[in-house]
Structure formats: C-alpha cells, structure tokens
>>> print(open('model.cif').read())   # mmCIF, C-alpha atoms
data_model
loop_
_atom_site.label_atom_id
_atom_site.label_comp_id
_atom_site.auth_asym_id
_atom_site.auth_seq_id
_atom_site.Cartn_x
_atom_site.Cartn_y
_atom_site.Cartn_z
CA MET A 1 -17.36 -161.30 130.78
CA LYS A 2 -15.94 -163.32 133.65
CA LYS A 3 -18.57 -161.92 136.01
CA ARG A 4 -21.38 -162.87 133.58
CA TRP A 5 -19.93 -166.37 133.27
CA MET A 6 -19.85 -166.77 137.07
CA ILE A 7 -23.47 -165.61 137.37
CA GLY A 8 -24.48 -168.14 134.71
CA LEU A 9 -22.64 -170.91 136.54
CA ILE A 10 -24.36 -170.05 139.81
CA LEU A 11 -27.79 -170.06 138.16
CA TRP A 12 -27.08 -173.41 136.48
CA ALA A 13 -25.96 -174.91 139.79
CA ALA A 14 -29.09 -173.62 141.54
CA CYS A 15 -31.33 -175.13 138.86
CA PHE A 16 -29.44 -178.42 138.98
CA LEU A 17 -29.74 -178.70 142.76
CA THR A 18 -33.44 -177.85 142.62
CA ALA A 19 -34.03 -180.58 140.02
CA CYS A 20 -32.14 -183.11 142.10
CA LYS A 21 -34.38 -182.39 145.08
CA GLY A 22 -37.54 -182.89 143.07
CA GLU A 23 -39.30 -180.46 140.81
CA GLY A 24 -42.20 -178.68 142.44
CA LYS A 25 -41.27 -179.77 145.97
CA ASP A 26 -40.05 -177.58 148.80
CA PRO A 27 -36.35 -178.44 149.18
CA GLY A 28 -36.63 -177.97 152.96
CA MET A 29 -39.23 -180.72 153.11
CA MET A 30 -36.72 -183.23 151.72
CA ASP A 31 -33.72 -182.15 153.84
CA THR A 32 -32.61 -184.89 156.24
CA ASP A 33 -29.97 -182.67 157.87
CA ILE A 34 -32.38 -181.17 160.39
CA SER A 35 -30.17 -180.73 163.45
CA ALA A 36 -26.51 -180.75 164.42
CA ALA A 37 -27.50 -183.06 167.26
CA LEU A 38 -29.17 -185.71 165.08
CA THR A 39 -27.47 -188.24 162.79
CA HIS A 40 -29.52 -189.60 159.91
CA GLN A 41 -29.63 -193.42 159.82
CA GLY A 42 -31.97 -194.28 156.99
CA ALA A 43 -35.60 -194.23 155.91
CA MET A 44 -38.72 -196.35 156.33
CA GLU A 45 -39.14 -198.79 153.47
CA LEU A 46 -42.42 -198.10 151.71
CA SER A 47 -43.59 -200.21 148.81
CA TYR A 48 -46.74 -198.36 147.78
CA ALA A 49 -47.41 -195.26 149.92
CA GLU A 50 -46.42 -191.97 148.31
CA LYS A 51 -48.07 -189.39 150.55
CA PHE A 52 -45.76 -189.71 153.54
CA SER A 53 -42.18 -190.68 154.36
CA VAL A 54 -40.20 -191.40 157.52
CA ASP A 55 -36.50 -190.76 158.17
CA TYR A 56 -34.72 -192.45 161.07
CA TYR A 57 -32.13 -190.80 163.32
CA GLU A 58 -29.80 -192.14 165.98
CA GLY A 59 -31.27 -192.28 169.45
CA GLY A 60 -34.78 -193.27 168.34
CA TYR A 61 -35.79 -189.96 166.75
CA ASP A 62 -37.98 -190.15 163.62
CA LEU A 63 -38.89 -187.46 161.10
CA ILE A 64 -42.32 -187.85 159.48
CA THR A 65 -42.90 -185.85 156.30
CA ILE A 66 -46.38 -185.36 154.86
CA PRO A 67 -45.76 -182.87 152.02
CA GLU A 68 -49.26 -181.37 152.10
CA ASN A 69 -49.27 -181.16 155.91
CA GLY A 70 -45.72 -180.64 157.20
CA ARG A 71 -42.89 -182.31 159.12
CA PHE A 72 -43.10 -183.97 162.53
CA LEU A 73 -40.22 -185.13 164.73
CA THR A 74 -41.04 -187.92 167.19
CA VAL A 75 -38.95 -187.64 170.34
CA PRO A 76 -38.38 -190.78 172.44
CA GLU A 77 -39.65 -190.90 176.01
CA GLY A 78 -37.19 -189.32 178.41
CA LYS A 79 -35.39 -187.35 175.69
CA GLU A 80 -35.74 -183.79 174.45
CA ALA A 81 -36.03 -182.24 171.00
CA PRO A 82 -32.90 -180.52 169.67
CA GLU A 83 -32.95 -176.74 170.07
CA ASP A 84 -31.84 -176.03 166.50
CA LEU A 85 -34.82 -177.59 164.69
CA ALA A 86 -36.37 -175.62 161.84
CA SER A 87 -39.52 -173.74 162.80
CA ASP A 88 -41.67 -175.81 160.41
CA ILE A 89 -40.97 -179.07 162.30
CA THR A 90 -43.63 -180.02 164.84
CA VAL A 91 -42.36 -181.95 167.85
CA LEU A 92 -44.29 -185.06 168.95
CA GLN A 93 -43.18 -186.14 172.40
CA LYS A 94 -43.53 -189.87 173.02
CA PRO A 95 -45.34 -191.72 174.32
CA LEU A 96 -48.26 -190.20 172.46
CA LYS A 97 -51.43 -190.63 174.50
CA ASN A 98 -54.95 -189.30 174.83
CA MET A 99 -55.08 -188.68 171.09
CA TYR A 100 -58.11 -187.16 169.37
CA LEU A 101 -59.10 -189.11 166.24
CA ALA A 102 -61.19 -187.25 163.66
CA ALA A 103 -60.03 -189.26 160.62
CA SER A 104 -62.55 -192.11 160.75
CA ALA A 105 -60.73 -194.29 158.20
CA VAL A 106 -57.74 -194.46 160.56
CA MET A 107 -59.65 -196.14 163.40
CA ASP A 108 -59.46 -199.55 161.74
CA MET A 109 -55.68 -199.20 161.67
CA PHE A 110 -55.56 -198.51 165.41
CA VAL A 111 -57.78 -201.55 166.01
CA SER A 112 -55.53 -203.76 163.88
CA LEU A 113 -52.50 -202.53 165.87
CA ASP A 114 -54.23 -203.13 169.22
CA ALA A 115 -53.51 -199.46 169.91
CA LEU A 116 -56.92 -198.18 171.03
CA ASP A 117 -55.40 -197.43 174.43
CA THR A 118 -53.50 -194.53 172.85
CA LEU A 119 -56.77 -192.86 171.82
CA ARG A 120 -58.92 -190.89 174.23
CA PHE A 121 -61.19 -188.83 172.00
CA SER A 122 -63.30 -189.44 168.91
CA ALA A 123 -64.98 -187.05 166.47
CA LEU A 124 -67.70 -189.67 165.90
CA LYS A 125 -70.29 -190.71 168.44
CA GLU A 126 -70.62 -194.32 169.49
CA ASP A 127 -73.56 -195.07 167.17
CA SER A 128 -71.61 -193.75 164.15
CA TRP A 129 -68.87 -196.36 164.46
CA TYR A 130 -69.28 -199.63 162.56
CA ILE A 131 -65.99 -201.00 163.88
CA GLU A 132 -66.76 -203.11 166.91
CA GLY A 133 -63.52 -202.34 168.73
CA ALA A 134 -64.18 -198.61 168.53
CA LYS A 135 -67.83 -198.98 169.53
CA ASP A 136 -66.92 -201.16 172.52
CA ALA A 137 -64.23 -198.73 173.68
CA MET A 138 -66.73 -195.88 173.64
CA GLU A 139 -69.31 -197.96 175.51
CA ARG A 140 -66.72 -198.58 178.24
CA GLY A 141 -65.81 -194.91 178.35
CA ASP A 142 -62.22 -195.58 177.27
CA ILE A 143 -62.76 -193.31 174.26
CA LEU A 144 -64.88 -190.19 174.67
CA TYR A 145 -66.80 -188.14 172.15
CA ALA A 146 -65.10 -184.75 171.87
CA GLY A 147 -67.09 -183.01 169.15
CA GLN A 148 -67.00 -183.12 165.38
CA TYR A 149 -63.84 -182.20 163.50
CA SER A 150 -65.37 -178.81 162.69
CA ALA A 151 -66.40 -178.05 166.27
CA PRO A 152 -64.24 -179.98 168.77
CA ASP A 153 -64.73 -179.73 172.50
CA TYR A 154 -61.51 -177.85 173.23
CA GLU A 155 -62.08 -177.84 176.98
CA ARG A 156 -62.44 -181.62 177.15
CA ILE A 157 -59.49 -182.21 174.83
CA LEU A 158 -57.18 -179.90 176.76
CA ALA A 159 -58.31 -181.18 180.18
CA GLU A 160 -56.74 -184.58 179.52
CA ASP A 161 -53.49 -183.44 177.90
CA CYS A 162 -54.20 -184.59 174.33
CA GLY A 163 -50.91 -185.54 172.66
CA LEU A 164 -52.04 -185.36 169.02
CA ALA A 165 -55.10 -184.63 166.88
CA ILE A 166 -55.37 -186.86 163.79
CA GLU A 167 -57.58 -185.18 161.21
CA ASN A 168 -58.60 -185.96 157.65
CA THR A 169 -58.43 -183.36 154.90
CA MET A 170 -61.89 -182.05 155.79
CA ILE A 171 -60.11 -179.97 158.44
CA TYR A 172 -59.03 -177.61 155.67
CA HIS A 173 -62.67 -176.56 155.29
CA THR A 174 -62.41 -175.16 158.81
CA PRO A 175 -58.76 -174.07 159.07
CA GLU A 176 -59.50 -172.03 162.17
CA VAL A 177 -60.02 -175.27 164.09
CA LYS A 178 -56.57 -176.55 163.16
CA GLU A 179 -55.07 -173.19 164.08
CA GLN A 180 -56.87 -173.15 167.43
CA LEU A 181 -55.76 -176.66 168.37
CA GLU A 182 -52.17 -175.79 167.55
CA LYS A 183 -52.48 -172.52 169.47
CA PHE A 184 -53.52 -174.57 172.52
CA GLY A 185 -50.45 -176.77 172.05
CA VAL A 186 -52.16 -179.77 170.45
CA PRO A 187 -50.22 -180.90 167.33
CA VAL A 188 -52.39 -181.65 164.29
CA LEU A 189 -51.46 -184.40 161.82
CA VAL A 190 -53.61 -184.59 158.66
CA ASP A 191 -54.13 -188.06 157.22
CA TYR A 192 -53.76 -188.21 153.42
CA SER A 193 -54.14 -191.97 153.04
CA SER A 194 -57.29 -191.63 150.92
CA TYR A 195 -55.26 -189.71 148.32
CA GLU A 196 -52.84 -192.54 147.71
CA PRO A 197 -52.86 -193.58 144.03
CA SER A 198 -52.66 -197.27 145.00
CA PRO A 199 -55.13 -199.03 147.32
CA LEU A 200 -52.17 -200.76 148.96
CA GLY A 201 -50.60 -197.34 149.46
CA ARG A 202 -53.62 -196.39 151.52
CA THR A 203 -53.25 -199.52 153.64
CA GLU A 204 -49.52 -198.89 154.09
CA TRP A 205 -50.31 -195.84 156.23
CA VAL A 206 -50.72 -198.36 159.05
CA LYS A 207 -46.91 -198.23 159.25
CA LEU A 208 -47.08 -194.53 160.12
CA TYR A 209 -49.55 -195.19 162.93
CA GLY A 210 -47.47 -198.13 164.07
CA LEU A 211 -44.55 -195.71 164.41
CA LEU A 212 -46.62 -193.18 166.37
CA THR A 213 -47.90 -195.83 168.78
CA ASP A 214 -44.61 -197.77 169.12
CA ARG A 215 -46.08 -200.79 167.35
CA GLU A 216 -43.85 -200.91 164.30
CA GLN A 217 -43.57 -204.71 164.28
CA GLU A 218 -47.34 -205.16 164.51
CA ALA A 219 -47.77 -202.70 161.63
CA GLU A 220 -45.37 -204.67 159.44
CA GLU A 221 -47.26 -207.86 160.18
CA VAL A 222 -50.77 -206.56 159.50
CA PHE A 223 -49.63 -204.81 156.33
CA SER A 224 -47.94 -207.98 155.08
CA ARG A 225 -51.15 -209.96 155.61
CA GLU A 226 -53.19 -207.42 153.67
CA ALA A 227 -50.57 -207.26 150.90
CA GLU A 228 -50.84 -211.03 150.52
CA ALA A 229 -54.61 -210.72 150.14
CA PHE A 230 -54.03 -208.21 147.34
CA GLU A 231 -51.55 -210.49 145.64
CA ASP A 232 -54.06 -213.35 145.64
CA ILE A 233 -56.46 -211.20 143.60
CA GLN A 234 -53.95 -209.26 141.53
CA GLY A 235 -53.53 -212.09 139.05
CA ALA A 236 -57.24 -212.15 138.30
CA GLU A 237 -57.96 -212.17 134.57
CA LYS A 238 -59.91 -209.32 133.07
CA THR A 239 -63.53 -210.35 132.74
CA GLY A 240 -64.64 -207.55 130.46
CA LYS A 241 -67.48 -206.82 132.90
CA THR A 242 -68.19 -203.14 133.48
CA VAL A 243 -69.06 -201.72 136.90
CA ALA A 244 -70.64 -198.44 138.00
CA PHE A 245 -70.15 -197.25 141.59
CA PHE A 246 -72.34 -194.35 142.77
CA TYR A 247 -74.98 -192.91 145.06
CA ILE A 248 -77.92 -190.56 144.45
CA THR A 249 -77.70 -187.20 146.21
CA SER A 250 -80.58 -185.44 147.96
CA ASN A 251 -80.83 -183.25 144.84
CA GLY A 252 -81.40 -186.26 142.61
CA GLU A 253 -77.94 -186.18 141.05
CA ALA A 254 -75.44 -189.04 140.77
CA ASN A 255 -72.21 -188.87 142.74
CA VAL A 256 -69.47 -191.07 141.27
CA ARG A 257 -65.80 -191.68 142.02
CA LYS A 258 -63.12 -190.23 139.77
CA SER A 259 -61.13 -192.83 137.87
CA SER A 260 -58.02 -191.83 139.86
CA ASP A 261 -59.69 -192.77 143.16
CA TYR A 262 -58.73 -195.99 144.92
CA LEU A 263 -62.20 -197.62 144.56
CA PRO A 264 -62.22 -197.61 140.74
CA LYS A 265 -58.69 -198.98 140.88
CA MET A 266 -59.92 -201.78 143.15
CA ILE A 267 -62.60 -202.61 140.58
CA GLU A 268 -59.89 -202.87 137.93
CA MET A 269 -57.73 -205.03 140.22
CA ALA A 270 -60.70 -207.35 140.75
CA GLY A 271 -60.89 -208.04 137.02
CA GLY A 272 -63.65 -205.57 136.20
CA SER A 273 -63.73 -202.33 134.25
CA TYR A 274 -64.90 -199.07 135.79
CA VAL A 275 -67.41 -197.36 133.49
CA PHE A 276 -65.98 -193.87 134.10
CA ARG A 277 -62.41 -194.80 133.18
CA ASP A 278 -61.28 -191.30 132.23
CA LEU A 279 -63.50 -189.27 134.55
CA GLY A 280 -61.68 -186.46 136.31
CA ASN A 281 -58.30 -186.96 134.61
CA GLU A 282 -58.42 -183.36 133.43
CA ASP A 283 -59.45 -182.11 136.88
CA ASP A 284 -56.63 -181.31 139.29
CA THR A 285 -58.80 -180.62 142.33
CA ALA A 286 -58.32 -182.69 145.46
CA SER A 287 -61.87 -184.06 145.43
CA SER A 288 -62.14 -187.77 144.64
CA THR A 289 -65.76 -187.59 143.45
CA VAL A 290 -67.81 -185.92 140.71
CA THR A 291 -71.50 -185.08 140.84
CA MET A 292 -73.39 -185.24 137.54
CA GLN A 293 -76.94 -184.84 136.31
CA MET A 294 -78.87 -188.12 136.12
CA GLU A 295 -79.25 -187.81 132.34
CA GLU A 296 -75.46 -187.61 131.99
CA PHE A 297 -74.99 -190.51 134.40
CA TYR A 298 -77.60 -192.56 132.52
CA ALA A 299 -75.88 -192.01 129.19
CA ALA A 300 -72.55 -193.24 130.56
CA ALA A 301 -73.64 -196.07 132.87
CA ARG A 302 -76.88 -197.51 131.52
CA ASP A 303 -75.10 -200.43 129.83
CA ALA A 304 -72.90 -201.31 132.82
CA ASP A 305 -72.96 -205.03 133.61
CA TYR A 306 -73.04 -204.35 137.37
CA ILE A 307 -73.94 -201.40 139.53
CA ILE A 308 -72.86 -200.96 143.13
CA TYR A 309 -74.75 -198.43 145.24
CA ASN A 310 -72.61 -196.60 147.78
CA SER A 311 -74.63 -196.76 151.01
CA THR A 312 -72.22 -194.85 153.25
CA ILE A 313 -73.94 -191.50 152.72
CA ASP A 314 -77.67 -192.22 153.12
CA GLY A 315 -77.74 -195.76 154.53
CA GLU A 316 -78.02 -199.32 153.26
CA LEU A 317 -80.75 -200.27 150.80
CA ASN A 318 -83.05 -203.24 151.27
CA SER A 319 -84.28 -203.80 147.72
CA VAL A 320 -84.05 -202.81 144.07
CA GLU A 321 -87.42 -201.14 144.52
CA GLU A 322 -85.93 -198.86 147.15
CA LEU A 323 -83.13 -197.97 144.75
CA LEU A 324 -85.58 -197.19 141.94
CA GLY A 325 -87.36 -194.85 144.33
CA LYS A 326 -84.29 -192.61 144.15
CA SER A 327 -84.50 -192.23 140.35
CA ALA A 328 -86.96 -193.65 137.81
CA LEU A 329 -84.20 -193.66 135.18
CA LEU A 330 -82.45 -196.53 136.95
CA LYS A 331 -85.11 -199.03 135.85
CA ASN A 332 -83.74 -198.77 132.30
CA PHE A 333 -80.22 -199.75 133.35
CA ARG A 334 -78.99 -203.04 131.95
CA ALA A 335 -77.74 -204.17 135.39
CA VAL A 336 -81.17 -203.55 136.92
CA GLN A 337 -82.94 -205.48 134.16
CA GLU A 338 -80.51 -208.40 134.47
CA GLY A 339 -80.53 -208.50 138.26
CA ASN A 340 -76.94 -207.39 138.83
CA VAL A 341 -77.57 -204.71 141.44
CA PHE A 342 -75.44 -204.59 144.59
CA CYS A 343 -75.10 -202.32 147.59
CA THR A 344 -72.17 -201.66 149.94
CA THR A 345 -72.39 -202.25 153.65
CA LYS A 346 -72.29 -199.02 155.65
CA ASN A 347 -68.92 -199.88 157.19
CA ILE A 348 -67.00 -200.15 153.91
CA TYR A 349 -65.15 -196.83 154.25
CA GLN A 350 -64.27 -197.36 157.90
CA SER A 351 -62.75 -200.76 157.04
CA SER A 352 -59.43 -199.38 155.80
CA MET A 353 -57.55 -202.56 156.74
CA SER A 354 -59.83 -204.79 154.66
CA LEU A 355 -59.24 -203.45 151.17
CA GLY A 356 -58.00 -206.85 150.01
CA THR A 357 -61.27 -208.41 151.16
CA ILE A 358 -63.27 -205.70 149.38
CA ILE A 359 -61.41 -206.39 146.13
CA ALA A 360 -62.11 -210.10 146.61
CA ASP A 361 -65.82 -209.26 147.06
CA ILE A 362 -65.91 -207.33 143.78
CA HIS A 363 -64.13 -210.21 142.03
CA LYS A 364 -66.68 -212.68 143.40
CA MET A 365 -69.53 -210.43 142.30
CA ILE A 366 -68.39 -210.22 138.67
CA THR A 367 -67.61 -213.95 138.50
CA GLY A 368 -70.97 -215.03 139.91
CA ASP A 369 -69.85 -216.14 143.40
CA GLU A 370 -72.39 -214.17 145.43
CA GLU A 371 -72.72 -216.44 148.47
CA SER A 372 -69.73 -215.33 150.56
CA LEU A 373 -69.56 -211.56 150.24
CA THR A 374 -68.53 -209.36 153.17
CA TYR A 375 -68.70 -205.70 152.20
CA ILE A 376 -71.24 -205.75 149.36
CA TYR A 377 -74.54 -207.58 148.99
CA LYS A 378 -77.04 -208.23 146.24
CA LEU A 379 -80.32 -206.33 146.03
CA GLU A 380 -83.40 -208.30 145.04
#
>>> encode(input="model.cif", output="structure tokens")
Amino acid sequence: MKKRWMIGLILWAACFLTACKGEGKDPGMMDTDISAALTHQGAMELSYAEKFSVDYYEGGYDLITIPENGRFLTVPEGKEAPEDLASDITVLQKPLKNMYLAASAVMDMFVSLDALDTLRFSALKEDSWYIEGAKDAMERGDILYAGQYSAPDYERILAEDCGLAIENTMIYHTPEVKEQLEKFGVPVLVDYSSYEPSPLGRTEWVKLYGLLTDREQEAEEVFSREAEAFEDIQGAEKTGKTVAFFYITSNGEANVRKSSDYLPKMIEMAGGSYVFRDLGNEDDTASSTVTMQMEEFYAAARDADYIIYNSTIDGELNSVEELLGKSALLKNFRAVQEGNVFCTTKNIYQSSMSLGTIIADIHKMITGDEESLTYIYKLE
C-alpha cells in the first residue's frame, strides 16, 4: 500500500512539474540552467512577440529560444562556450559576420539597424530587392548573391566563413539544405516572425536581430517608433467597411489570407472588417493562406466595400481592366462597381519595419483619404 502511494505521489509530482513548465512544450526548451559555468540574469522584455525568447547570462552570454527551431547561445567575442552545454544548443560565436540572409522579410530590419555590414550573402538577386539599402549594397558588391534558399552556393558561402544562415520557414520544404549547411558548420536560424499572432509581434523580432548584431539599443529605438505608429491608429473607430485581400493564381483561383494572419489583423486594427473573418480557424496547418475556387470567393467577397489586390506574387497592376482580365467574375463585385479597388505595391512584404504605415494606409483607404498612400494605391 505504501509503495503504491509513493508511486502515485511521484506521478502527481511529475504531472505538476510538467504543467508548470507549460503544457505541450519541451521542458528542456524552457530550462535556463544550461551550464554550471553560466549564471542566469534575466530575460529580454517582449511586449508582443511570442515566437522567440532571450535569456541573459553573466558575462554577456545570451540564450535565444525559438521553440519550432531550437536554442542558440551567443558567445561574446574573445570568450568560449561552456563545455557542458546540452547537445541541442547551437553556439553562435560573436561577432557574427558574413551572414547569409534567405528570409527576405528580415532585410528591412537589418536596414533599420544599420547592420547591413554584418551580411555578406543574399538568397535574392539585386533586381528582386525593393529595399533601396539592400539593392545598393548588392550593386556595390558588399552583399553577394549566393543562390536561392533551396539551392545555395555552398562553395561561395563557405569560402568567406559565413557565421550564420537566416532562413524563413520555406527551408523546411528542403530540409536537406539546412542539414548540409549545418554539416559544413554554418548555423541555421529559422525566422518565425510571420507567424506572430500580432503585427507588432512580427515587428518586435527586430530586437532579436539587434541582439545578434550587437545593436540592442538601436533595436529598442526603432521598435518604439513603430509601436507609436501602431498606437496612433489603434484607437481608430470601427467603420463597418469590409475589405477583401487576395490575388488570382495562375490556375484562376483566389488566394486569400487566413483570418489568423497578420494582414487581416491589420485591416481590423485600421478600423475595417476582413471579409473572411473565420477562415482557417479550424485549420491547424502552418500555412497563412487558403486557395479557393473563384465561385466560392465570389460568394464570400462580392459585397465587400473594398478589395485590395496582392501584387507581390505576379506584379503590380495598372488598371481595373487589367484586374478584370484575371477573372470576369470580378466585374460583378460591389467594390469594382463603386470604384473601391486598390493594389499593393510590390515591396509591401519586404517592408517589415513599416507595418504601422501600412495600417495607416488601410485606414486612409476606408475613410476616403486616398491622396497620401504609401504601400497601396487605387486602380482606375
């Protein structure tokens, strides 16, 4: 009887400790006691970001945790990593230099931090960048094209001692590339900023890149400025105006954002109402978009007050006529008949440090102030 009671107590204690560490999370991922040689000092203060965390240790060591990607310990210049680290912790020796950037949305953060000098390689060619700082750096030869994320130029990357590869989640479509980079000794950090539930959470990833590039103060400043821009719009009254955001695929289908994605949330923050408010709530896949037949899209979005065409896939549109050429059904949309058709600029997704401005644009659109837009424009 006593033995059974002891077993029950042990099981209860194990369940209690697991619950305290967070249900569904790997307890090791939340353990701050990572080495006998390191003393935990505290954690980075994050107001909105949920997809990463940073723990500080004495001596300038920092532990980055990205639950879906892993743990990374930054080691200050001139110091060494403790020998008793867990095998799942990747060591990043500072200063990080000659980095390979495949996550295009992160480039704007490096520009805002004045940290382009820490990058050496890009997965986009010069003519694919809409951020002037990145384009100029590639024109000067300061940043070199080193192949797409799915087929990097390993020889070029290794020749210049690349300190880190920053990928987006597309790398998981070609996991052998990640494995090969790591096999060659190039650490791989996967950016999950686009999966943040809050638009400001996405912007707050600039603090992570500020840490990696030793520009923590600059990161705090640029994030604070963008947070203020959000706050200016956040008090906007609901207009009751509905908005559809989409593009037409090469197969003639409509690709729309799930309601959990940051763009629909930005529409709501701007005082509008996203037409697909419950789309994808039942779907637990990582994808942020849904492709639907045009008839289904028409039934749900035909009465939208405004439509915004996403130009980042097949280029900017010049007229409503060009839009109608993609699908004849669009001519029956209320927004088309009332002249409320807009298109994004092609740089909208690369402008990750301008989300406050994009929200302001949407607010201006639905309140009739169409003269001073930056990232969307009206189609005539």
>>> residues_near_point(input="model.cif", point="(-62.6, -180.8, 156.2)", cutoff="12 Å", atoms="all atoms listed in the file", output="count of residues only")
23
>>> residues_around(input="model.cif", residues="Met44 of chain A", least_positions_apart="6", cutoff="9 Å", atoms="only C-alpha atoms", output="list of chain:residue names")
A:Ser53, A:Val54, A:Asp55, A:Tyr56, A:Lys207
>>> closest_residue(input="model.cif", among="A:Val275, A:Ala254, A:Thr357, A:Glu380", to="Ser319 of chain A", atoms="all atoms listed in the file")
A:Glu380
>>> residues_around(input="model.cif", residues="Leu317 of chain A", least_positions_apart="2", cutoff="10 Å", atoms="all atoms listed in the file", output="VMD selection string")
chain A and resid 309 to 311 314 to 315 319 to 323 342 to 346 377 to 379
>>> resolve_selection(input="model.cif", expression="the PyMOL selection byres ((chain A and resi 65-70) around 9)", output="list in words")
Lys25, Asp26, Met29, Met30, Lys51, Phe52, Ser53, Val54, Asp55, Leu63, Ile64, Arg71, Phe72, Leu73, Asp88, Ile89, Thr90, Val188, Leu189, Val190, Asp191 and Tyr192 of chain A
>>> atom_distance(input="model.cif", atom1="atom CA of Trp205 of chain A", atom2="atom CA of Glu126 of chain A")
24.3 Å
>>> closest_residue(input="model.cif", among="A:Ala328, A:Val290, A:Met353, A:Leu144", to="Val111 of chain A", atoms="all atoms listed in the file")
A:Met353
>>> closest_residue(input="model.cif", among="A:Leu85, A:Val222, A:Leu96, A:Leu46", to="Asp33 of chain A", atoms="all atoms listed in the file")
A:Leu85
>>> closest_residue(input="model.cif", among="A:Ser87, A:Ser352, A:Ser259, A:Thr374", to="Phe110 of chain A", atoms="only C-alpha atoms")
A:Ser352
>>> closest_residue(input="model.cif", among="A:Ala37, A:Ser112, A:Thr118, A:Pro199", to="Ala81 of chain A", atoms="only C-alpha atoms")
A:Ala37
>>> closest_residue(input="model.cif", among="A:Glu204, A:Glu268, A:Glu77, A:Glu253", to="Gln293 of chain A", atoms="only C-alpha atoms")
A:Glu253
>>> atom_distance(input="model.cif", atom1="atom CA of Thr239 of chain A", atom2="atom CA of Ile308 of chain A")
16.8 Å
>>> resolve_selection(input="model.cif", expression="the PyMOL selection byres ((chain A and resi 41) around 10)", output="PyMOL selection string")
chain A and resi 32+38-40+42-43+55-62
>>> resolve_selection(input="model.cif", expression="the PyMOL selection byres ((chain A and resi 196) around 9)", output="PyMOL selection string")
chain A and resi 48-51+192-195+197-202+261-262
>>> atom_distance(input="model.cif", atom1="atom CA of Gln234 of chain A", atom2="atom CA of Met269 of chain A")
5.8 Å
>>> residues_around(input="model.cif", residues="Asp142 of chain A", least_positions_apart="5", cutoff="8 Å", atoms="all atoms listed in the file", output="ChimeraX atom specification")
/A:117,120,137
>>> residues_around(input="model.cif", residues="Gly252 of chain A", least_positions_apart="2", cutoff="8 Å", atoms="only C-alpha atoms", output="ChimeraX atom specification")
/A:248-250,254,293-294,326-327
